[in-house]
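Pasted below: target-v1.csv, CSV, C-alpha atoms.
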```csv
chain,number,residue,atom,x,y,z
O,359,MET,CA,78.9,122.1,87.1
O,360,SER,CA,82.0,123.4,85.3
O,361,ARG,CA,85.2,121.4,85.4
O,362,LYS,CA,86.8,124.1,87.5
O,363,ASP,CA,83.9,123.8,90.0
O,364,ARG,CA,84.4,120.1,90.1
O,365,LEU,CA,88.1,120.6,90.8
O,366,ARG,CA,87.2,123.1,93.5
O,367,ALA,CA,84.8,120.5,95.0
O,368,TRP,CA,87.6,117.8,94.9
O,369,ILE,CA,90.0,120.1,96.8
O,370,VAL,CA,87.3,121.0,99.4
O,371,SER,CA,86.5,117.3,99.9
O,372,ASN,CA,90.1,116.0,100.0
O,373,GLY,CA,92.0,119.0,101.4
O,374,HIS,CA,92.9,119.7,105.0
O,375,ARG,CA,91.5,122.6,106.9
O,376,VAL,CA,89.6,124.1,104.0
O,377,ASP,CA,85.9,124.7,103.1
O,378,SER,CA,84.2,126.2,100.2
O,379,SER,CA,83.9,129.6,101.9
O,380,THR,CA,87.6,129.8,102.5
O,381,LEU,CA,88.9,128.4,99.2
O,382,ALA,CA,89.8,131.2,96.8
O,383,ASP,CA,91.4,130.9,93.3
O,384,ASP,CA,94.7,132.1,94.8
O,385,THR,CA,94.6,130.2,98.2
O,386,PRO,CA,98.1,128.6,98.4
O,387,LEU,CA,97.3,124.9,98.6
O,388,LEU,CA,100.7,123.5,99.1
O,389,GLU,CA,102.2,126.3,101.2
O,390,GLN,CA,99.2,126.1,103.6
O,391,ARG,CA,99.4,122.3,103.6
O,392,ILE,CA,95.8,122.1,102.4
O,393,LEU,CA,97.1,119.5,100.0
O,394,THR,CA,100.2,117.3,100.6
O,395,SER,CA,102.6,115.9,98.0
O,396,LEU,CA,101.2,112.4,98.7
O,397,GLN,CA,97.8,113.5,97.5
O,398,LEU,CA,99.1,114.8,94.1
O,399,ALA,CA,99.0,111.4,92.3
O,400,GLU,CA,95.4,111.1,93.2
O,401,LEU,CA,94.7,114.7,92.1
O,402,LEU,CA,96.5,114.0,88.8
O,403,LEU,CA,94.2,111.1,88.2
O,404,PHE,CA,91.2,113.3,88.9
O,405,LEU,CA,92.6,116.0,86.5
O,406,GLU,CA,93.1,113.4,83.8
O,407,GLU,CA,89.5,112.3,84.2
O,408,LEU,CA,88.3,115.9,84.1
O,409,ARG,CA,90.2,116.8,81.0
O,410,GLU,CA,89.5,113.4,79.4
O,411,ARG,CA,93.1,113.0,78.3
O,412,PRO,CA,96.4,112.1,80.0
O,413,VAL,CA,98.7,114.7,81.5
O,414,ASP,CA,102.3,114.8,80.2
O,415,LEU,CA,104.1,114.2,83.4
O,416,GLU,CA,107.5,115.4,82.3
O,417,GLY,CA,107.9,119.0,83.2
O,418,ILE,CA,105.2,119.0,85.9
O,419,THR,CA,106.4,120.7,89.1
O,420,GLY,CA,104.9,121.8,92.4
O,421,SER,CA,104.1,125.3,90.9
O,422,SER,CA,101.4,123.7,88.7
O,423,PHE,CA,99.6,122.8,91.9
O,424,ARG,CA,100.2,126.1,93.8
O,425,ASP,CA,96.6,127.2,93.8
O,426,LEU,CA,93.3,126.6,92.0
O,427,ARG,CA,94.1,129.2,89.3
O,428,SER,CA,97.5,127.6,88.6
O,429,MET,CA,95.9,124.1,88.2
O,430,VAL,CA,93.3,125.4,85.8
O,431,ALA,CA,96.0,127.1,83.7
O,432,ALA,CA,98.2,124.1,83.7
O,433,PHE,CA,95.7,121.3,83.3
O,434,LEU,CA,92.4,122.8,82.1
O,435,PRO,CA,93.5,125.6,79.8
O,436,GLU,CA,90.2,125.7,77.9
O,437,GLU,CA,88.5,126.5,81.2
O,438,ALA,CA,91.0,129.3,82.0
O,439,HIS,CA,90.1,131.0,78.7
O,440,ALA,CA,86.4,130.6,79.3
O,441,SER,CA,86.5,132.3,82.7
H,951,MET,CA,125.2,95.5,114.6
H,952,LEU,CA,124.4,97.3,111.3
H,953,TYR,CA,128.0,97.0,110.2
H,954,ALA,CA,128.2,93.3,111.0
H,955,VAL,CA,125.0,92.5,109.2
H,956,ALA,CA,126.1,94.6,106.2
H,957,GLU,CA,129.4,92.7,106.0
H,958,LYS,CA,127.5,89.4,106.0
H,959,LEU,CA,125.1,90.6,103.4
H,960,SER,CA,128.0,91.8,101.2
H,961,ALA,CA,129.5,88.3,101.4
H,962,ARG,CA,126.2,86.8,100.4
H,963,SER,CA,125.8,89.2,97.5
H,964,ALA,CA,129.4,88.4,96.4
H,965,GLU,CA,128.7,84.7,96.5
H,966,GLN,CA,125.6,85.1,94.3
H,967,PRO,CA,126.5,83.3,91.0
H,968,VAL,CA,126.3,85.3,87.8
H,969,ARG,CA,122.8,84.7,86.5
H,970,PRO,CA,122.1,83.6,83.0
H,971,GLU,CA,120.2,85.9,80.7
H,972,LEU,CA,116.5,85.7,81.3
H,973,PRO,CA,114.6,83.3,79.0
H,974,TRP,CA,113.0,86.1,76.9
H,975,VAL,CA,110.3,84.9,74.5
H,976,ASP,CA,109.1,86.6,71.3
H,977,ARG,CA,105.6,87.3,72.5
H,978,MET,CA,103.7,87.2,75.7
H,979,ASP,CA,100.2,86.2,74.6
H,980,GLY,CA,97.7,83.8,76.0
H,981,ALA,CA,99.4,83.4,79.4
H,982,TRP,CA,98.6,84.4,83.0
H,983,CYS,CA,101.2,87.0,84.1
H,984,THR,CA,99.7,87.9,87.5
H,985,SER,CA,98.0,85.5,89.9
H,986,PRO,CA,94.3,86.1,89.4
H,987,GLU,CA,93.8,86.5,93.2
H,988,LEU,CA,96.3,89.4,93.2
H,989,ILE,CA,94.6,91.3,90.4
H,990,SER,CA,93.3,94.7,91.5
H,991,ILE,CA,89.6,94.1,90.5
H,992,TYR,CA,89.5,90.4,91.5
H,993,GLY,CA,86.4,89.7,93.5
H,994,LEU,CA,84.5,92.6,91.9
H,995,PRO,CA,81.6,92.3,89.4
H,996,ALA,CA,83.9,93.9,86.8
H,997,TRP,CA,86.2,90.9,87.1
H,998,ASP,CA,83.5,88.3,87.0
H,999,ALA,CA,82.1,89.9,83.8
H,1000,LEU,CA,85.3,89.2,81.9
H,1001,SER,CA,85.9,86.1,79.8
H,1002,GLU,CA,89.0,84.1,80.6
H,1003,ASP,CA,90.9,85.7,77.6
H,1004,GLN,CA,90.0,89.1,78.9
H,1005,GLN,CA,91.1,88.2,82.4
H,1006,GLN,CA,94.5,87.0,81.0
H,1007,LYS,CA,94.9,90.2,79.1
H,1008,LEU,CA,94.3,92.2,82.2
H,1009,SER,CA,96.7,89.9,84.1
H,1010,PHE,CA,99.4,90.9,81.5
H,1011,HIS,CA,98.8,94.7,81.9
H,1012,GLU,CA,98.7,94.3,85.7
H,1013,CYS,CA,102.1,92.6,85.5
H,1014,ALA,CA,103.4,95.4,83.3
H,1015,ASN,CA,102.1,97.9,85.9
H,1016,PHE,CA,103.7,95.9,88.8
H,1017,PHE,CA,107.1,95.9,86.9
H,1018,ALA,CA,106.7,99.6,86.1
H,1019,LEU,CA,106.1,100.3,89.9
H,1020,ASN,CA,109.3,98.4,90.6
H,1021,ILE,CA,111.2,100.5,88.0
H,1022,HIS,CA,109.9,103.8,89.5
H,1023,GLY,CA,110.5,102.6,93.1
H,1024,GLU,CA,114.0,101.3,92.3
H,1025,ARG,CA,115.0,104.4,90.4
H,1026,ALA,CA,114.1,106.6,93.4
H,1027,LEU,CA,115.9,104.2,95.6
H,1028,MET,CA,119.1,104.2,93.5
H,1029,GLU,CA,119.0,108.0,93.4
H,1030,GLY,CA,118.6,108.3,97.1
H,1031,LEU,CA,121.2,105.6,97.9
H,1032,ALA,CA,123.8,107.1,95.5
H,1033,ARG,CA,123.3,110.5,97.3
H,1034,ARG,CA,124.0,108.8,100.6
H,1035,LEU,CA,127.1,106.8,99.6
H,1036,TYR,CA,129.9,107.6,102.0
H,1037,LYS,CA,127.9,110.0,104.0
H,1038,LYS,CA,129.4,109.9,107.5
H,1039,GLU,CA,126.5,108.1,109.1
H,1040,LEU,CA,126.5,105.3,106.5
H,1041,ALA,CA,130.2,105.3,105.5
H,1042,ASP,CA,130.8,102.0,107.4
H,1043,VAL,CA,128.2,100.2,105.3
H,1044,ALA,CA,129.1,101.8,101.9
H,1045,HIS,CA,130.5,98.5,100.7
H,1046,TYR,CA,127.1,96.9,101.0
H,1047,ILE,CA,125.4,99.9,99.5
H,1048,HIS,CA,127.5,99.3,96.4
H,1049,HIS,CA,126.2,95.7,96.2
H,1050,PHE,CA,122.7,97.0,96.8
H,1051,LEU,CA,123.0,99.6,94.0
H,1052,ALA,CA,124.4,97.0,91.5
H,1053,GLU,CA,121.6,94.6,92.3
H,1054,GLU,CA,118.9,97.2,91.9
H,1055,ASN,CA,120.3,98.3,88.6
H,1056,GLN,CA,120.2,94.7,87.4
H,1057,HIS,CA,116.6,94.3,88.6
H,1058,MET,CA,115.6,97.4,86.5
H,1059,THR,CA,117.0,95.7,83.4
H,1060,TRP,CA,114.7,92.8,84.0
H,1061,PHE,CA,111.6,94.9,84.6
H,1062,GLY,CA,112.5,97.4,81.9
H,1063,GLY,CA,113.3,94.6,79.4
H,1064,PHE,CA,109.9,93.0,80.0
H,1065,CYS,CA,107.9,96.3,79.7
H,1066,ARG,CA,109.7,97.5,76.6
H,1067,ARG,CA,109.5,94.1,74.8
H,1068,TYR,CA,106.0,93.2,75.6
H,1069,ALA,CA,104.0,96.2,76.8
H,1070,GLY,CA,105.6,98.7,74.4
H,1071,GLY,CA,106.8,101.0,77.2
H,1072,ILE,CA,106.6,101.7,80.9
H,1073,TYR,CA,103.5,102.9,82.7
H,1074,ALA,CA,104.0,106.5,83.9
H,1075,ASP,CA,104.9,107.4,87.4
H,1076,ARG,CA,102.5,110.0,88.9
H,1077,LYS,CA,104.3,110.5,92.1
H,1078,LEU,CA,105.6,114.0,92.8
H,1079,VAL,CA,108.0,114.8,95.6
H,1080,LEU,CA,108.0,118.5,96.6
H,1081,PRO,CA,110.8,120.1,98.6
H,1082,ARG,CA,110.1,120.7,102.3
H,1083,THR,CA,112.1,121.2,105.5
H,1084,TYR,CA,113.0,118.4,107.8
H,1085,ALA,CA,114.2,117.9,111.4
H,1086,PRO,CA,117.8,116.7,111.6
H,1087,GLY,CA,117.9,113.1,110.3
H,1088,GLU,CA,114.2,113.1,109.4
H,1089,GLU,CA,114.8,113.0,105.7
H,1090,ASP,CA,117.1,110.0,105.9
H,1091,VAL,CA,114.6,108.1,108.2
H,1092,LEU,CA,111.8,108.8,105.8
H,1093,PHE,CA,113.8,107.8,102.8
H,1094,PHE,CA,114.8,104.4,104.2
H,1095,ALA,CA,111.3,103.9,105.7
H,1096,LYS,CA,109.7,104.5,102.3
H,1097,VAL,CA,112.2,102.2,100.6
H,1098,LEU,CA,111.3,99.5,103.2
H,1099,VAL,CA,107.5,99.9,102.5
H,1100,PHE,CA,108.0,99.8,98.7
H,1101,GLU,CA,110.2,96.7,99.0
H,1102,LEU,CA,108.0,94.9,101.6
H,1103,VAL,CA,104.9,95.3,99.4
H,1104,VAL,CA,106.6,94.2,96.1
H,1105,ASP,CA,108.2,91.3,97.9
H,1106,ALA,CA,104.9,90.0,99.1
H,1107,PHE,CA,103.8,89.9,95.4
H,1108,ASN,CA,107.1,88.4,94.3
H,1109,GLN,CA,107.0,85.6,96.8
H,1110,ARG,CA,103.5,84.5,95.8
H,1111,MET,CA,104.0,84.9,92.0
H,1112,ALA,CA,107.4,83.1,92.0
H,1113,LYS,CA,105.5,80.0,93.3
H,1114,ASP,CA,102.4,80.2,91.1
H,1115,ASP,CA,102.8,77.6,88.4
H,1116,ARG,CA,99.8,79.1,86.5
H,1117,LEU,CA,102.0,82.0,85.5
H,1118,HIS,CA,104.3,82.3,82.4
H,1119,PRO,CA,107.7,80.9,83.3
H,1120,LEU,CA,109.5,84.2,82.5
H,1121,VAL,CA,107.2,86.1,84.8
H,1122,ARG,CA,107.8,83.5,87.6
H,1123,GLU,CA,111.6,83.7,87.1
H,1124,ILE,CA,111.7,87.5,87.3
H,1125,ASN,CA,109.6,87.4,90.5
H,1126,ARG,CA,111.9,84.6,91.9
H,1127,ARG,CA,115.1,86.4,91.2
H,1128,HIS,CA,113.8,89.6,92.6
H,1129,HIS,CA,112.7,88.0,95.8
H,1130,GLU,CA,116.1,86.3,96.1
H,1131,ASP,CA,117.9,89.7,96.3
H,1132,GLU,CA,115.1,91.6,98.1
H,1133,SER,CA,115.4,89.3,101.1
H,1134,ARG,CA,118.9,90.8,101.7
H,1135,HIS,CA,117.8,94.3,100.9
H,1136,LEU,CA,114.9,94.0,103.4
H,1137,ALA,CA,117.2,92.8,106.2
H,1138,PHE,CA,119.5,95.7,105.6
H,1139,GLY,CA,116.7,98.3,105.1
H,1140,ARG,CA,115.0,97.3,108.3
H,1141,LEU,CA,118.2,97.7,110.4
H,1142,VAL,CA,119.0,101.0,108.8
H,1143,VAL,CA,115.6,102.4,109.6
H,1144,GLU,CA,115.9,101.1,113.2
H,1145,GLU,CA,119.3,102.6,113.6
H,1146,LEU,CA,118.5,106.0,112.2
H,1147,TRP,CA,115.3,106.2,114.2
H,1148,ARG,CA,117.2,105.3,117.4
H,1149,ARG,CA,119.8,108.0,116.6
H,1150,HIS,CA,117.5,110.8,115.7
H,1151,ALA,CA,113.9,110.4,116.8
H,1152,SER,CA,114.6,111.0,120.5
H,1153,ALA,CA,115.8,114.5,119.7
H,1154,TRP,CA,112.7,115.4,117.7
H,1155,SER,CA,109.6,117.0,119.1
H,1156,GLU,CA,106.6,114.8,119.7
H,1157,GLU,CA,104.9,116.7,116.8
H,1158,THR,CA,107.7,115.6,114.4
H,1159,ARG,CA,107.5,112.0,115.5
H,1160,ALA,CA,103.7,112.1,115.1
H,1161,GLY,CA,104.2,113.8,111.7
H,1162,VAL,CA,106.4,110.9,110.6
H,1163,ARG,CA,103.8,108.4,111.5
H,1164,THR,CA,101.0,110.3,109.8
H,1165,TYR,CA,103.2,110.6,106.7
H,1166,MET,CA,104.1,106.9,106.7
H,1167,ALA,CA,100.4,105.9,107.0
H,1168,ALA,CA,99.6,108.2,104.0
H,1169,TYR,CA,102.6,106.8,102.1
H,1170,LEU,CA,101.4,103.3,102.6
H,1171,GLU,CA,98.0,104.2,101.3
H,1172,ALA,CA,99.5,106.0,98.3
H,1173,THR,CA,101.7,103.0,97.6
H,1174,TRP,CA,98.7,100.7,97.4
H,1175,ARG,CA,96.7,103.2,95.2
H,1176,GLU,CA,99.3,102.7,92.5
H,1177,TYR,CA,98.3,99.1,92.1
H,1178,PHE,CA,94.9,100.4,90.8
H,1179,ASN,CA,96.0,102.1,87.6
H,1180,PRO,CA,93.4,103.4,85.1
H,1181,ASP,CA,96.0,103.1,82.3
H,1182,VAL,CA,96.0,99.3,82.9
H,1183,TYR,CA,92.2,99.1,82.7
H,1184,LYS,CA,92.2,101.3,79.5
H,1185,ASP,CA,94.8,99.0,77.8
H,1186,ALA,CA,92.8,95.9,78.9
H,1187,GLY,CA,89.7,97.4,77.2
H,1188,LEU,CA,87.7,98.0,80.4
H,1189,ALA,CA,85.1,100.7,80.5
H,1190,LYS,CA,85.3,103.9,82.7
H,1191,PRO,CA,88.9,103.2,83.8
H,1192,TYR,CA,89.2,106.1,86.3
H,1193,GLU,CA,85.9,105.3,88.0
H,1194,LEU,CA,86.8,101.6,88.1
H,1195,ALA,CA,90.2,102.4,89.7
H,1196,ARG,CA,88.6,104.5,92.4
H,1197,GLU,CA,85.9,102.1,93.1
H,1198,ALA,CA,88.1,99.0,93.1
H,1199,PHE,CA,90.6,100.7,95.5
H,1200,ALA,CA,87.8,101.5,98.0
H,1201,SER,CA,86.0,98.1,97.6
H,1202,ALA,CA,85.8,95.5,100.4
H,1203,PRO,CA,87.5,92.7,98.5
H,1204,ALA,CA,90.5,94.9,97.6
H,1205,ARG,CA,90.8,96.3,101.2
H,1206,ALA,CA,90.7,92.7,102.5
H,1207,ARG,CA,93.4,91.7,100.0
H,1208,MET,CA,95.6,94.7,100.9
H,1209,ASP,CA,95.3,93.9,104.6
H,1210,GLU,CA,96.3,90.3,104.0
H,1211,ILE,CA,99.2,91.0,101.5
H,1212,GLY,CA,100.3,94.0,103.5
H,1213,ALA,CA,100.1,92.4,107.0
H,1214,ARG,CA,103.9,91.9,107.2
H,1215,THR,CA,104.5,95.5,106.1
H,1216,THR,CA,102.1,96.9,108.7
H,1217,ARG,CA,103.6,94.7,111.4
H,1218,ILE,CA,107.1,95.8,110.7
H,1219,LEU,CA,106.2,99.5,110.5
H,1220,ARG,CA,104.5,99.2,113.9
H,1221,GLU,CA,107.5,97.4,115.4
H,1222,LEU,CA,109.7,100.2,114.1
H,1223,GLU,CA,107.3,102.8,115.7
H,1224,LEU,CA,106.6,104.2,112.3
H,1225,LEU,CA,102.9,103.5,112.3
H,1226,SER,CA,100.4,104.1,115.0
```
Just give me the structure as structure tokens.
Amino acid sequence: MSRKDRLRAWIVSNGHRVDSSTLADDTPLLEQRILTSLQLAELLLFLEELRERPVDLEGITGSSFRDLRSMVAAFLPEEAHAS
Amino acid sequence: MLYAVAEKLSARSAEQPVRPELPWVDRMDGAWCTSPELISIYGLPAWDALSEDQQQKLSFHECANFFALNIHGERALMEGLARRLYKKELADVAHYIHHFLAEENQHMTWFGGFCRRYAGGIYADRKLVLPRTYAPGEEDVLFFAKVLVFELVVDAFNQRMAKDDRLHPLVREINRRHHEDESRHLAFGRLVVEELWRRHASAWSEETRAGVRTYMAAYLEATWREYFNPDVYKDAGLAKPYELAREAFASAPARARMDEIGARTTRILRELELLS
């Protein structure tokens, strides 16, 4: 399973009112309250584990978490280039 | 009521003698810095597998994490309090808010002094607050309710560690001093939440009131999660730190410990109608 697929699975498992058939790369996760701000710390830990290095937290904003595509671009850039 | 209590608390803050500089030491080696029973993986096989030296090393990094959580929490608290200084609703208690801010600033010098001297820095804050819309008064209620949760949880640790003579005297003293001031802050914080809830919540929809309770339950859970920091495990030399943090947080011994340490927090939130 690619890291992007693992991230997708995390969102489906932890998000509200979402399943794998409705989650697209551009589904607005925060706007549709699929994810809440209180879940972002846990998500950051998961992203660090996926990328196997810490995230530089300064400069991170809500837009990095807007949708699956934004997260891949912000946190898993190698994956973005591969797809 | 709030005004009268704030005046009394201001007087008590003013009576607080100037404290001497903390007894800083050159190094913080070979000492317990967190009570073993309060360490995040206590009671798990990963804890039992460590030698006493390794357990002490972990106790140091857990202490540095605890102090970092205090820094991040107090920084958010100071930002929020400063923004609310002399706002109409809180203008009568502005005098006490000045004391509150001064005391929080001093606490941060203790926590920051410890982390920078002995841990080489401050563990990162992973919390992100995103802008959203609020019902009238809801943002203030949530701000003070979150402050109350943060302070109740850290105070439970402070009270225990201040009395634990197995710990390094500097660590005990920081915990003792912090508890001394926090008892005033908690008395004030609880009353502010009560007062703001009374003023605003009756005008909210049932959906908003339920939303506040759902949010506070999630906030309490997120607060506890920060005590299980993979950076700590990494620095203490433990394997698979992210996995360990997740598993420890979900484990029965940790859940039982959080219920026990957090009993006062949960009780107060329920009394304030902020938790179902």
Choose the residue, out of O:Phe433, O:Arg424, O:Thr380, O:His374, that has the smallest atom-to-atom separation from Glu407 (chain O); count only C-alpha atoms.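 Residue with the minimum atom-to-atom distance to Glu407 (chain O): O:Phe433.
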Should the cut-off be 10 Å, what would the residue list for chain H against chain O look like, counting all atoms listed in the file, as a list in words?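 The contacting residues on chain H are Ala1074, Asp1075, Arg1076, Lys1077, Leu1078, Val1079, Leu1080, Pro1081, Arg1082, Tyr1165, Ala1168, Tyr1169, Leu1170, Glu1171, Ala1172, Thr1173, Arg1175, Glu1176, Asn1179, Pro1180, Asp1181, Lys1190, Pro1191, Tyr1192, Glu1193, Ala1195 and Arg1196 of chain H.
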Point-to-point distance in Å for CA of Ala1052 (chain H) and CA of Val968 (chain H): 12.4 Å
Can you tell me, as a list in words, what residues are no more than 8 Å from Asp425 (chain O) when counting all atoms listed in the file, ignoring any on the same chain fewer than 3 positions away?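 Non-adjacent residues within range: Asp383, Asp384, Thr385, Pro386, Leu387, Leu388, Ser422, Ser428 and Met429 of chain O.
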Using CA of Trp1154 (chain H) and CA of Arg391 (chain O) as the two end points, give the distance in Å to one decimal.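 These two atoms are separated by 20.6 Å.
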Enumerate, as number ranges by chain, the protein, DNA and RNA residues whose atoms approach (120.8, 99.9, 109.5) to within 9 Å, taking into account only C-alpha atoms and the coordinate frame of the file. H: 951-953, 955-956, 1040, 1043, 1137-1146
Option closest in space to Ala1153 (chain H), from H:Val1103, H:Gly1087, H:Val1182, H:Asp1114 [counting all atoms listed in the file]: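 Comparing H:Val1103, H:Gly1087, H:Val1182, H:Asp1114 against Ala1153 (chain H), the winner is H:Gly1087.
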Just the residues within 12 Å of region 1057-1060 of chain H, please, counting only C-alpha atoms, with nothing from its chain fewer than 6 positions along; format it as a ChimeraX atom specification. /H:969-974,1014,1017-1028,1050-1051,1066-1067,1072,1120-1121,1123-1132
As a check of understanding: the span from CA of Ala964 (chain H) to CA of Tyr1036 (chain H) is 20.0 Å
Can you list, as an mmCIF file with C-alpha atoms, in the coordinates of the input, every protein, DNA or RNA residue that comes within 10 Å of Cys983 (chain H) when you count all atoms listed in the file, leaving out same-chain residues fewer than 4 positions away?
```cif
data_model
loop_
_atom_site.group_PDB
_atom_site.id
_atom_site.type_symbol
_atom_site.label_atom_id
_atom_site.label_comp_id
_atom_site.auth_asym_id
_atom_site.auth_seq_id
_atom_site.Cartn_x
_atom_site.Cartn_y
_atom_site.Cartn_z
ATOM 1 C CA MET H 978 103.700 87.200 75.700
ATOM 2 C CA ASP H 979 100.200 86.200 74.600
ATOM 3 C CA GLN H 1006 94.500 87.000 81.000
ATOM 4 C CA LYS H 1007 94.900 90.200 79.100
ATOM 5 C CA LEU H 1008 94.300 92.200 82.200
ATOM 6 C CA SER H 1009 96.700 89.900 84.100
ATOM 7 C CA PHE H 1010 99.400 90.900 81.500
ATOM 8 C CA HIS H 1011 98.800 94.700 81.900
ATOM 9 C CA GLU H 1012 98.700 94.300 85.700
ATOM 10 C CA CYS H 1013 102.100 92.600 85.500
ATOM 11 C CA ALA H 1014 103.400 95.400 83.300
ATOM 12 C CA MET H 1111 104.000 84.900 92.000
ATOM 13 C CA ASP H 1114 102.400 80.200 91.100
ATOM 14 C CA ARG H 1116 99.800 79.100 86.500
ATOM 15 C CA LEU H 1117 102.000 82.000 85.500
ATOM 16 C CA HIS H 1118 104.300 82.300 82.400
ATOM 17 C CA PRO H 1119 107.700 80.900 83.300
ATOM 18 C CA LEU H 1120 109.500 84.200 82.500
ATOM 19 C CA VAL H 1121 107.200 86.100 84.800
ATOM 20 C CA ARG H 1122 107.800 83.500 87.600
#
```
